[in-house]
Each structure stands twice: as C-alpha cells, then as structure tokens.
>>> print(open('my_file.txt').read())   # compact mmCIF, C-alpha atoms (C1' of nucleotides)
# COMPACT_ATOMS: atom_id res chain seq x y z
CA MET A 570 19.49 112.15 -37.29
CA ARG A 571 16.42 113.54 -35.58
CA ARG A 572 15.38 117.11 -35.14
CA GLN A 573 14.84 118.03 -31.54
CA ASP A 574 14.06 120.87 -29.21
CA LEU A 575 17.03 123.11 -28.69
CA GLY A 576 15.81 124.40 -25.36
CA ALA A 577 15.68 120.90 -23.98
CA THR A 578 19.12 120.29 -25.40
CA LEU A 579 20.59 123.20 -23.55
CA THR A 580 18.78 122.54 -20.30
CA PRO A 581 18.86 118.78 -19.90
CA VAL A 582 17.42 118.87 -16.39
CA PRO A 583 15.57 122.12 -15.86
CA GLY A 584 16.52 123.94 -12.70
CA GLU A 585 19.78 122.04 -12.44
CA ARG A 586 22.93 124.01 -11.85
CA ASP A 587 25.82 123.77 -14.28
CA LEU A 588 28.90 122.75 -12.31
CA GLY A 589 31.21 124.06 -15.01
CA LEU A 590 33.01 121.86 -17.48
CA VAL A 591 35.99 120.94 -15.30
CA ASP A 592 34.04 120.02 -12.19
CA ALA A 593 31.26 118.35 -14.14
CA LEU A 594 33.63 116.13 -16.13
CA ALA A 595 35.73 115.29 -13.09
CA GLN A 596 32.70 114.32 -11.03
CA LEU A 597 31.14 112.47 -13.94
CA SER A 598 34.31 110.42 -14.23
CA PHE A 599 34.15 109.60 -10.52
CA ALA A 600 30.51 108.55 -10.82
CA ILE A 601 31.28 106.31 -13.79
CA GLN A 602 34.33 104.83 -12.09
CA ALA A 603 32.19 104.09 -9.03
CA VAL A 604 29.70 102.22 -11.18
CA LEU A 605 32.44 100.34 -13.01
CA GLY A 606 34.15 99.46 -9.74
CA ARG A 607 30.97 98.24 -8.13
CA ILE A 608 29.99 96.03 -11.06
CA ALA A 609 33.53 94.72 -11.53
CA ALA A 610 33.70 93.82 -7.84
CA ARG A 611 30.43 91.95 -8.20
CA HIS A 612 32.28 89.70 -10.66
CA GLU A 613 35.42 89.64 -8.51
CA LEU A 614 37.30 91.92 -10.87
CA SER A 615 39.00 95.26 -10.40
CA ILE A 616 38.25 98.04 -12.86
CA VAL A 617 41.57 97.50 -14.59
CA GLN A 618 41.09 93.75 -14.81
CA ALA A 619 37.67 94.27 -16.37
CA ARG A 620 39.13 96.80 -18.76
CA LEU A 621 41.90 94.40 -19.72
CA LEU A 622 39.42 91.63 -20.49
CA GLY A 623 37.25 94.06 -22.43
CA ILE A 624 40.18 95.02 -24.62
CA LEU A 625 41.13 91.39 -25.18
CA ARG A 626 37.70 90.37 -26.41
CA ASP A 627 38.76 90.74 -30.00
CA ARG A 628 42.46 91.60 -29.94
CA ARG A 629 45.77 90.06 -28.90
CA PRO A 630 47.92 93.07 -28.01
CA THR A 631 51.46 92.96 -26.66
CA ILE A 632 52.39 94.09 -23.16
CA LYS A 633 53.72 97.32 -24.62
CA GLU A 634 50.52 98.00 -26.55
CA LEU A 635 48.46 97.37 -23.44
CA ALA A 636 50.69 99.70 -21.45
CA GLY A 637 50.14 102.42 -24.05
CA PHE A 638 46.40 102.06 -24.12
CA LEU A 639 45.95 101.64 -20.37
CA GLN A 640 48.47 104.41 -19.69
CA LEU A 641 50.38 102.18 -17.29
CA ASP A 642 54.03 101.29 -16.94
CA LYS A 643 54.95 98.02 -18.63
CA SER A 644 55.83 96.51 -15.26
CA SER A 645 52.33 97.29 -14.03
CA VAL A 646 50.90 95.47 -17.04
CA THR A 647 53.13 92.49 -16.31
CA GLY A 648 51.61 92.24 -12.84
CA LEU A 649 48.11 92.80 -14.16
CA VAL A 650 48.48 90.01 -16.71
CA ASP A 651 50.16 87.79 -14.11
CA ARG A 652 47.16 88.00 -11.78
CA ALA A 653 44.67 87.46 -14.61
CA GLN A 654 46.70 84.51 -15.87
CA GLU A 655 46.80 82.92 -12.40
CA ARG A 656 43.01 83.02 -12.44
CA GLY A 657 42.89 81.45 -15.88
CA LEU A 658 41.38 84.51 -17.52
CA VAL A 659 44.18 85.24 -20.01
CA THR A 660 47.20 83.52 -21.50
CA ARG A 661 50.54 84.66 -22.87
CA VAL A 662 51.32 83.64 -26.45
CA ALA A 663 54.81 83.93 -27.90
CA SER A 664 54.97 86.47 -30.70
CA PRO A 665 55.60 84.85 -34.08
CA VAL A 666 57.56 87.87 -35.31
CA ASP A 667 59.57 89.09 -32.30
CA GLY A 668 61.18 86.78 -29.79
CA ARG A 669 61.16 89.45 -27.10
CA SER A 670 57.45 90.05 -27.36
CA VAL A 671 54.38 88.26 -26.05
CA GLN A 672 50.77 88.53 -27.10
CA VAL A 673 48.11 88.50 -24.45
CA ALA A 674 44.99 86.51 -25.29
CA ILE A 675 41.73 85.98 -23.44
CA THR A 676 40.62 82.47 -22.46
CA ALA A 677 37.13 81.01 -22.76
CA THR A 678 36.73 81.50 -19.01
CA GLY A 679 37.79 85.11 -19.28
CA ARG A 680 35.43 85.67 -22.16
CA ARG A 681 32.47 84.28 -20.27
CA LEU A 682 33.31 86.44 -17.26
CA VAL A 683 33.69 89.66 -19.20
CA SER A 684 30.49 89.00 -21.11
CA ARG A 685 28.53 88.80 -17.90
CA ALA A 686 30.23 91.87 -16.48
CA THR A 687 29.61 94.01 -19.57
CA THR A 688 25.93 93.20 -19.49
CA ASP A 689 25.79 94.58 -15.96
CA PHE A 690 27.88 97.60 -16.95
CA ALA A 691 25.38 98.55 -19.62
CA THR A 692 22.47 98.22 -17.23
CA GLU A 693 24.06 100.35 -14.53
CA ILE A 694 25.38 103.04 -16.86
CA GLY A 695 21.87 103.18 -18.27
CA ALA A 696 20.58 103.77 -14.76
CA LEU A 697 23.20 106.47 -14.20
CA VAL A 698 22.00 108.49 -17.19
CA ALA A 699 18.33 107.55 -16.82
CA ASP A 700 17.36 111.10 -15.89
CA LEU A 701 18.43 112.35 -19.29
CA GLY A 702 16.01 112.11 -22.16
CA SER A 703 16.86 109.84 -25.03
CA PRO A 704 18.06 112.65 -27.33
CA GLN A 705 20.30 113.97 -24.57
CA GLN A 706 21.71 110.51 -24.04
CA ASP A 707 22.52 110.31 -27.72
CA GLN A 708 24.21 113.68 -27.60
CA LEU A 709 26.22 112.71 -24.56
CA SER A 710 27.31 109.58 -26.38
CA LEU A 711 28.44 111.55 -29.41
CA LEU A 712 30.24 114.22 -27.39
CA ALA A 713 32.00 111.65 -25.23
CA SER A 714 32.96 109.63 -28.33
CA ALA A 715 34.43 112.70 -29.96
CA VAL A 716 36.52 113.59 -26.91
CA VAL A 717 37.75 110.02 -26.54
CA ALA A 718 38.60 109.70 -30.23
CA ALA A 719 40.51 112.97 -30.26
CA ASP A 720 42.42 111.93 -27.16
CA ALA A 721 43.35 108.54 -28.62
CA ARG A 722 44.54 110.26 -31.78
CA ARG A 723 46.69 112.69 -29.82
CA ARG A 724 48.17 109.88 -27.75
CA GLY A 725 48.84 107.86 -30.88
CA VAL A 726 47.10 104.74 -29.64
CA GLU A 727 44.50 102.70 -31.42
CA LEU A 728 41.02 103.55 -30.22
CA PHE A 729 39.90 100.20 -28.92
CA ASP A 730 36.16 100.19 -29.31
CA ARG A 731 33.73 97.79 -27.69
CA CYS A 732 35.79 97.60 -24.53
CA VAL A 733 32.82 97.76 -22.23
CA ASP A 734 30.08 97.38 -24.79
CA THR A 735 27.57 94.55 -24.70
CA SER A 736 27.01 93.99 -28.38
CA PRO A 737 27.40 90.34 -29.40
CA ILE A 738 30.65 89.43 -31.01
CA MET B 1167 21.15 130.65 -24.18
CA ARG B 1168 22.48 130.83 -27.69
CA ARG B 1169 20.98 129.39 -30.82
CA GLN B 1170 23.27 127.07 -32.63
CA ASP B 1171 23.50 124.67 -35.52
CA LEU B 1172 21.74 121.45 -34.79
CA GLY B 1173 23.78 119.50 -37.29
CA ALA B 1174 26.95 120.48 -35.54
CA THR B 1175 25.35 119.57 -32.25
CA LEU B 1176 24.60 116.07 -33.35
CA THR B 1177 27.89 115.50 -35.13
CA PRO B 1178 30.46 117.11 -32.87
CA VAL B 1179 33.40 115.82 -34.86
CA PRO B 1180 32.31 115.00 -38.41
CA GLY B 1181 33.27 111.56 -39.59
CA GLU B 1182 33.81 110.36 -36.03
CA ARG B 1183 32.27 107.08 -35.00
CA ASP B 1184 29.88 106.91 -32.08
CA LEU B 1185 31.23 104.35 -29.63
CA GLY B 1186 27.84 103.92 -28.01
CA LEU B 1187 26.89 105.42 -24.69
CA VAL B 1188 28.36 102.74 -22.45
CA ASP B 1189 31.75 102.50 -24.13
CA ALA B 1190 31.97 106.24 -24.72
CA LEU B 1191 31.27 107.11 -21.09
CA ALA B 1192 33.56 104.40 -19.75
CA GLN B 1193 36.44 105.48 -21.96
CA LEU B 1194 35.76 109.16 -21.27
CA SER B 1195 36.03 108.41 -17.57
CA PHE B 1196 39.37 106.68 -18.15
CA ALA B 1197 40.66 109.63 -20.16
CA ILE B 1198 39.61 112.09 -17.48
CA GLN B 1199 41.06 109.94 -14.72
CA ALA B 1200 44.32 109.76 -16.63
CA VAL B 1201 44.46 113.54 -16.84
CA LEU B 1202 43.58 113.94 -13.18
CA GLY B 1203 46.15 111.33 -12.18
CA ARG B 1204 48.89 112.92 -14.22
CA ILE B 1205 48.27 116.40 -12.87
CA ALA B 1206 47.84 115.18 -9.31
CA ALA B 1207 51.14 113.29 -9.54
CA ARG B 1208 52.81 116.46 -10.76
CA HIS B 1209 51.88 117.94 -7.37
CA GLU B 1210 52.76 114.73 -5.54
CA LEU B 1211 49.13 113.87 -4.92
CA SER B 1212 47.01 110.87 -5.81
CA ILE B 1213 43.65 111.44 -7.44
CA VAL B 1214 41.87 110.70 -4.19
CA GLN B 1215 44.13 113.01 -2.19
CA ALA B 1216 43.46 115.79 -4.68
CA ARG B 1217 39.77 115.09 -4.53
CA LEU B 1218 39.84 115.18 -0.75
CA LEU B 1219 41.57 118.55 -0.72
CA GLY B 1220 39.15 119.85 -3.34
CA ILE B 1221 36.20 118.91 -1.18
CA LEU B 1222 37.78 120.49 1.90
CA ARG B 1223 38.32 123.84 0.24
CA ASP B 1224 35.14 125.20 1.74
CA ARG B 1225 33.77 122.45 3.96
CA ARG B 1226 34.65 120.54 7.13
CA PRO B 1227 32.95 117.18 6.67
CA THR B 1228 33.15 114.25 9.07
CA ILE B 1229 34.86 110.98 8.18
CA LYS B 1230 31.46 109.44 7.58
CA GLU B 1231 30.39 112.25 5.24
CA LEU B 1232 33.63 111.92 3.28
CA ALA B 1233 33.13 108.17 3.03
CA GLY B 1234 29.67 108.73 1.60
CA PHE B 1235 30.76 111.25 -0.94
CA LEU B 1236 33.95 109.46 -1.98
CA GLN B 1237 32.15 106.10 -1.95
CA LEU B 1238 34.85 104.58 0.23
CA ASP B 1239 34.73 102.57 3.42
CA LYS B 1240 35.23 104.69 6.54
CA SER B 1241 38.46 102.82 7.30
CA SER B 1242 39.79 103.83 3.89
CA VAL B 1243 38.99 107.45 4.66
CA THR B 1244 40.81 107.15 7.99
CA GLY B 1245 43.93 106.08 6.12
CA LEU B 1246 43.47 108.76 3.47
CA VAL B 1247 43.17 111.49 6.09
CA ASP B 1248 46.08 109.98 8.06
CA ARG B 1249 48.43 110.31 5.11
CA ALA B 1250 47.25 113.81 4.27
CA GLN B 1251 47.61 114.82 7.90
CA GLU B 1252 51.16 113.45 8.09
CA ARG B 1253 52.01 115.75 5.21
CA GLY B 1254 50.40 118.71 6.94
CA LEU B 1255 47.67 119.10 4.35
CA VAL B 1256 44.67 118.54 6.63
CA THR B 1257 43.86 118.45 10.34
CA ARG B 1258 41.30 116.66 12.46
CA VAL B 1259 39.05 118.88 14.58
CA ALA B 1260 36.91 117.48 17.38
CA SER B 1261 33.23 117.84 16.65
CA PRO B 1262 31.53 120.32 18.97
CA VAL B 1263 28.26 118.39 18.87
CA ASP B 1264 29.25 114.71 18.85
CA GLY B 1265 32.11 113.31 20.86
CA ARG B 1266 32.51 110.35 18.52
CA SER B 1267 32.91 112.48 15.45
CA VAL B 1268 35.77 114.46 13.93
CA GLN B 1269 35.71 117.18 11.35
CA VAL B 1270 38.39 117.19 8.69
CA ALA B 1271 39.72 120.62 7.79
CA ILE B 1272 42.25 121.77 5.21
CA THR B 1273 45.40 123.61 6.29
CA ALA B 1274 46.93 126.66 4.64
CA THR B 1275 49.55 124.38 3.09
CA GLY B 1276 46.87 122.09 1.74
CA ARG B 1277 44.93 125.01 0.36
CA ARG B 1278 47.93 126.38 -1.49
CA LEU B 1279 48.65 122.96 -2.95
CA VAL B 1280 45.12 122.28 -4.13
CA SER B 1281 44.87 125.75 -5.64
CA ARG B 1282 47.90 125.10 -7.80
CA ALA B 1283 46.64 121.66 -8.78
CA THR B 1284 43.17 122.84 -9.76
CA THR B 1285 44.63 125.46 -12.06
CA ASP B 1286 46.47 122.70 -13.89
CA PHE B 1287 43.38 120.50 -13.93
CA ALA B 1288 41.38 123.16 -15.71
CA THR B 1289 44.09 123.68 -18.30
CA GLU B 1290 44.44 119.99 -19.09
CA ILE B 1291 40.72 119.23 -19.12
CA GLY B 1292 40.41 122.16 -21.50
CA ALA B 1293 43.01 120.53 -23.72
CA LEU B 1294 41.16 117.21 -23.55
CA VAL B 1295 37.96 118.74 -24.91
CA ALA B 1296 39.69 121.25 -27.18
CA ASP B 1297 38.48 119.47 -30.31
CA LEU B 1298 34.90 120.26 -29.42
CA GLY B 1299 33.47 123.62 -30.37
CA SER B 1300 32.50 125.98 -27.62
CA PRO B 1301 28.75 125.22 -27.86
CA GLN B 1302 29.50 121.50 -27.68
CA GLN B 1303 31.66 122.07 -24.63
CA ASP B 1304 28.79 123.92 -22.99
CA GLN B 1305 26.43 121.09 -23.81
CA LEU B 1306 28.81 118.52 -22.45
CA SER B 1307 29.11 120.53 -19.27
CA LEU B 1308 25.34 120.69 -18.86
CA LEU B 1309 24.80 117.02 -19.64
CA ALA B 1310 27.55 115.93 -17.28
CA SER B 1311 26.23 118.24 -14.56
CA ALA B 1312 22.77 116.78 -14.91
CA VAL B 1313 24.02 113.20 -14.64
CA VAL B 1314 26.17 114.02 -11.63
CA ALA B 1315 23.39 115.91 -9.88
CA ALA B 1316 20.89 113.10 -10.43
CA ASP B 1317 23.40 110.57 -9.15
CA ALA B 1318 24.15 112.60 -6.01
CA ARG B 1319 20.42 112.92 -5.38
CA ARG B 1320 19.89 109.19 -5.73
CA ARG B 1321 22.81 108.43 -3.43
CA GLY B 1322 21.54 110.93 -0.91
CA VAL B 1323 24.81 112.83 -0.63
CA GLU B 1324 25.33 116.54 -0.90
CA LEU B 1325 26.52 117.51 -4.35
CA PHE B 1326 29.84 119.09 -3.48
CA ASP B 1327 30.48 121.64 -6.18
CA ARG B 1328 33.74 123.39 -6.94
CA CYS B 1329 35.76 120.31 -6.06
CA VAL B 1330 38.11 120.65 -8.98
CA ASP B 1331 37.10 124.07 -10.18
CA THR B 1332 39.46 127.01 -10.32
CA SER B 1333 37.15 129.85 -9.48
CA PRO B 1334 38.46 132.06 -6.70
CA ILE B 1335 36.90 131.50 -3.33
C1' DT C 745 22.25 98.96 21.39
C1' DA C 746 23.69 101.79 17.65
C1' DT C 747 27.01 104.89 15.67
C1' DT C 748 31.65 107.02 14.71
C1' DG C 749 35.99 106.28 14.03
C1' DT C 750 40.47 103.57 14.42
C1' DT C 751 43.41 99.53 14.12
C1' DA C 752 45.10 95.14 12.23
C1' DT C 753 45.48 92.65 8.27
C1' DA C 754 45.73 91.35 3.55
C1' DC C 755 45.28 92.20 -1.05
C1' DT C 756 45.45 94.91 -5.66
C1' DC C 757 47.53 98.39 -8.13
C1' DT C 758 51.21 101.27 -9.31
C1' DA C 759 55.97 103.12 -10.40
C1' DT C 760 61.16 102.95 -10.29
C1' DA C 761 65.23 100.61 -11.01
C1' DA C 762 67.81 96.75 -12.20
C1' DC C 763 67.79 92.75 -14.81
C1' DT C 764 67.41 89.15 -18.95
C1' DA C 765 66.72 88.06 -23.58
C1' DT C 766 66.20 89.38 -28.17
C1' DA C 767 66.64 92.73 -32.16
C1' DT D 502 72.85 99.76 -28.44
C1' DA D 503 67.99 99.63 -28.20
C1' DT D 504 63.75 97.31 -27.15
C1' DA D 505 60.30 93.99 -24.78
C1' DG D 506 59.37 92.11 -20.87
C1' DT D 507 60.20 90.52 -15.94
C1' DT D 508 61.59 90.90 -11.17
C1' DA D 509 62.40 93.19 -6.76
C1' DT D 510 60.90 96.59 -3.95
C1' DA D 511 58.20 100.09 -1.83
C1' DG D 512 54.22 102.66 -1.17
C1' DA D 513 49.24 104.15 -1.87
C1' DG D 514 44.68 102.67 -1.77
C1' DT D 515 41.14 99.59 -0.58
C1' DA D 516 37.97 96.42 2.15
C1' DT D 517 36.84 93.28 6.11
C1' DA D 518 36.69 92.40 10.78
C1' DA D 519 37.46 93.50 15.40
C1' DC D 520 37.84 97.13 18.52
C1' DA D 521 37.13 101.60 21.60
C1' DA D 522 34.57 105.52 22.71
C1' DT D 523 30.42 107.97 22.64
C1' DA D 524 25.33 108.49 21.86
>>> encode(input="my_file.txt", output="structure tokens")
Amino acid sequence: MRRQDLGATLTPVPGERDLGLVDALAQLSFAIQAVLGRIAARHELSIVQARLLGILRDRRPTIKELAGFLQLDKSSVTGLVDRAQERGLVTRVASPVDGRSVQVAITATGRRLVSRATTDFATEIGALVADLGSPQQDQLSLLASAVVAADARRRGVELFDRCVDTSPI
Amino acid sequence: MRRQDLGATLTPVPGERDLGLVDALAQLSFAIQAVLGRIAARHELSIVQARLLGILRDRRPTIKELAGFLQLDKSSVTGLVDRAQERGLVTRVASPVDGRSVQVAITATGRRLVSRATTDFATEIGALVADLGSPQQDQLSLLASAVVAADARRRGVELFDRCVDTSPI
DNA sequence: TATTGTTATACTCTATAACTATA
DNA sequence: TATAGTTATAGAGTATAACAATA
C-alpha cells in the first residue's frame, strides 16, 4: 500500500468540476454501460448476455439465483437463457437435488466468446479511466469494490467476482 | 480540502476484497443502474426517460444533440421523445434557425415529475454508498466526475451537469 | 449533395399473470 | 400449499434502412 500525494488524491483532474456524488455516479454508470454495450455488440452480445456468460464462467447457478443477482424477474431470465441456449452459448442441466430446478452452464463456445469479449472490456475500461493517474485508478477500484460488496451484502446475494475480469481461469 | 487518514483512504471498507478496476466499475454501474431503474419505475419512467427529462431541465437540445449525449441512434431518440410527448412530459419546438431541426423542451408536468424522481435518486444513491465514510464519498465523487468529464471531452459532447441532481434550479 | 428528423421493420429485453411440475 | 421454472402477452427500447424536408 503506497504512500501518495493527498492533494492529487483530492483533485484527480485539476480544474475539473465536481458534479456531485449523485450526478457523477449516475453519469459514470451511463459511460460504463455505453462501453459495455459497444464491446458486447462487437461480439454480437447484449450487455445482459455478456453479463450472464461472465457469471457462468465458473459457476452453475439456478434460474432463481441468476434472477437474484441480475435483479430480473425469473421469466426474464428464462428468456435470456433461452436465447443464449439457441445460440449454443449455454445449456440447461437438471438439478441433482431438486426436480423443479435447473442449473445453467456455459458451453465451450460460450466460454470462448466471453473470453474474447472480456479482453476488450478491460482494454476499453482502461481507456475510459486513462486520464486518472495510477493511484487514483487504484482508489477508484477500491471504492467501487466497497460499494458493490456492501450492496451485495444488503441484497443477500453472493458477490460474483470476475464477471467481467480478464484474469485467466 | 480536508486532511484525512491515508490508510482509510486506501482501505475504504477494511477486510473487503478489491474486485479489480474492470469488474468493480462494471458491477458498480449495474448497481447504480438498478437503483436508477427502480426509482424511475416508481415514477412510471424508464431510466432513459428519466435521463431525458433530467437533461431537459435547463436545456432545449435538438434530436441530434440528444442522440450524441445519450449515445443512441437518432431514430431511437425520435421514439423516446414520441413516447414522452404522448404523456405530456415534453414538447417539440421548431428551431428558429434551422427548418430541419426541432428543439425538445420539457413541460411543467415533466418538470414536476423529474423533480420528484431526482429527490428519490439522491436518497437511494446515498443509501448505496452509505457504507463509505464521508471523505471516501467525496473522493468517489471527484474520481467519477473526472472520468465522466474526460469521457465527454473525448466524445465531443457537452457535459450536461445536474442531470440527476436535486439542487434547486 | 449533405444534414435533420421520421417512418417502417424487426429484434432484444423486460414484467405480469397464468400455468405446470415438483417439494 | 409453496416453490422453480415456463409460457403467453404486451410494451419499451434499440438499430438499420429508406424516406421527406431543408440547408
């Protein structure tokens, strides 16, 4: 954990106006979603499809679990998985413990696709925050992680990590 | 500009894992979008409708300008404005300088609606980041503002501030 | 010719409600 | 009865392509 200049910390881009927390976070989320949407489209995926594949890279959640994490109705997840399955990106596996339940698993094709997409994600998000110095990027990462972790805890869902990350499996 | 503890700065929530910049920002954007979507729905708006009204609070952009800022195709903006206009939230005004162009303006009804929604936004975004200390919240605001400002500059669009903010006009 | 905006079309995404199958 | 998931339906949101009007 490196020491760093506090002034730089508090004024990441000198002369830049602070939009206020609400506006800044809202607009940041739009900027990130725009990047995600653009990259996903490049791989013929929607944001949600890409997110689904990212989650499935090392998990086999049920429809209900996916609905909880994605904050979607279960019927929406059914459709989402349907479309991904038609493209051969995921499969449904019968649950060994509950006859009502299915597990959603990624296919080799889906895995290849999401791997390519996540590489691009990382590049473009890097470009989005390129104006920040490295220490500020680290801080942003920590602050965002803390907010996300607290939110997952409050919502009572597992915090699926490495959903958009590029680290090798 | 207050002095503050650097340790706290670099470890916003002790014991919390850093998801990495890409994953953290992506998931933060999903969390924020979920909040925005929930609050917007409470006022019978979509996120994009709410965003449109937020932009229009003190501007009268053209369809083309809206498309640039919202990163949507112009035909999508036509539909967006159509639906808002049908509900009496916005109006189209002929441009005084270009016969091809229209200016989109918010109505009194739209203004009342967006004012109520933005109040709720601020409350819920505050709840989302409540686990951060006040200095960390300020840092997050600055970092997010810097990223958003740099992105707007690169995209060559005006940085519309106060789109989701609650400050009185 | 180029630009601004609309229309026609088709698709994804989403929720609600009703349904089936299993617990 | 309750739960997991699907289906039917309807609507918002989106892009592409073709179009009309104006510059």
>>> atom_distance(input="my_file.txt", atom1="CA of Ile1272 in chain B", atom2="CA of Val1256 in chain B")
4.3 Å
>>> atom_distance(input="my_file.txt", atom1="C1' of DA524 in chain D", atom2="C1' of DT748 in chain C")
9.7 Å
>>> residues_around(input="my_file.txt", residues="DA521 in chain D", least_positions_apart="3", cutoff="12 Å", atoms="all atoms listed in the file", output="ChimeraX atom specification")
/B:1266 /C:748-751
>>> residues_around(input="my_file.txt", residues="range 510-520 of chain D", least_positions_apart="6", cutoff="12 Å", atoms="all atoms listed in the file", output="count of residues only")
37
>>> interface_residues(input="my_file.txt", of="chain A", to="chain B", cutoff="6 Å", atoms="only C-alpha atoms", output="list of chain:residue names")
A:Val582, A:Asp587, A:Leu588, A:Gly589, A:Leu590, A:Val591, A:Asp592, A:Ala593, A:Leu597, A:Ser598, A:Ala691, A:Val698, A:Ser710, A:Leu711, A:Ala713, A:Ser714, A:Ala715, A:Val716, A:Val717, A:Val733, A:Asp734
>>> closest_residue(input="my_file.txt", among="B:Ile1205, B:Val1268, B:Val1280, B:Ala1260", to="chain C", atoms="only C-alpha atoms (C1' of nucleotides)")
B:Val1268
>>> atom_distance(input="my_file.txt", atom1="CA of Arg685 in chain A", atom2="CA of Leu625 in chain A")
14.8 Å
>>> residues_around(input="my_file.txt", residues="DC763 in chain C", least_positions_apart="3", cutoff="12 Å", atoms="all atoms listed in the file", output="list in words")
DG506, DT507, DT508 and DA509 of chain D
>>> closest_residue(input="my_file.txt", among="A:Arg722, A:Arg661, A:Arg656, A:Arg628", to="chain D", atoms="only C-alpha atoms (C1' of nucleotides)")
A:Arg661
>>> closest_residue(input="my_file.txt", among="B:Gly1322, B:Pro1227, B:Gly1265, B:Gly1254", to="chain C", atoms="only C-alpha atoms (C1' of nucleotides)")
B:Gly1265
>>> axis_aligned_box(input="my_file.txt", around="range 749-762 of chain C", padding_each_side="3 Å", output="JSON")
{"center_x": 51.9, "center_y": 98.8, "center_z": 1.1, "size_x": 37.8, "size_y": 20.9, "size_z": 32.6}
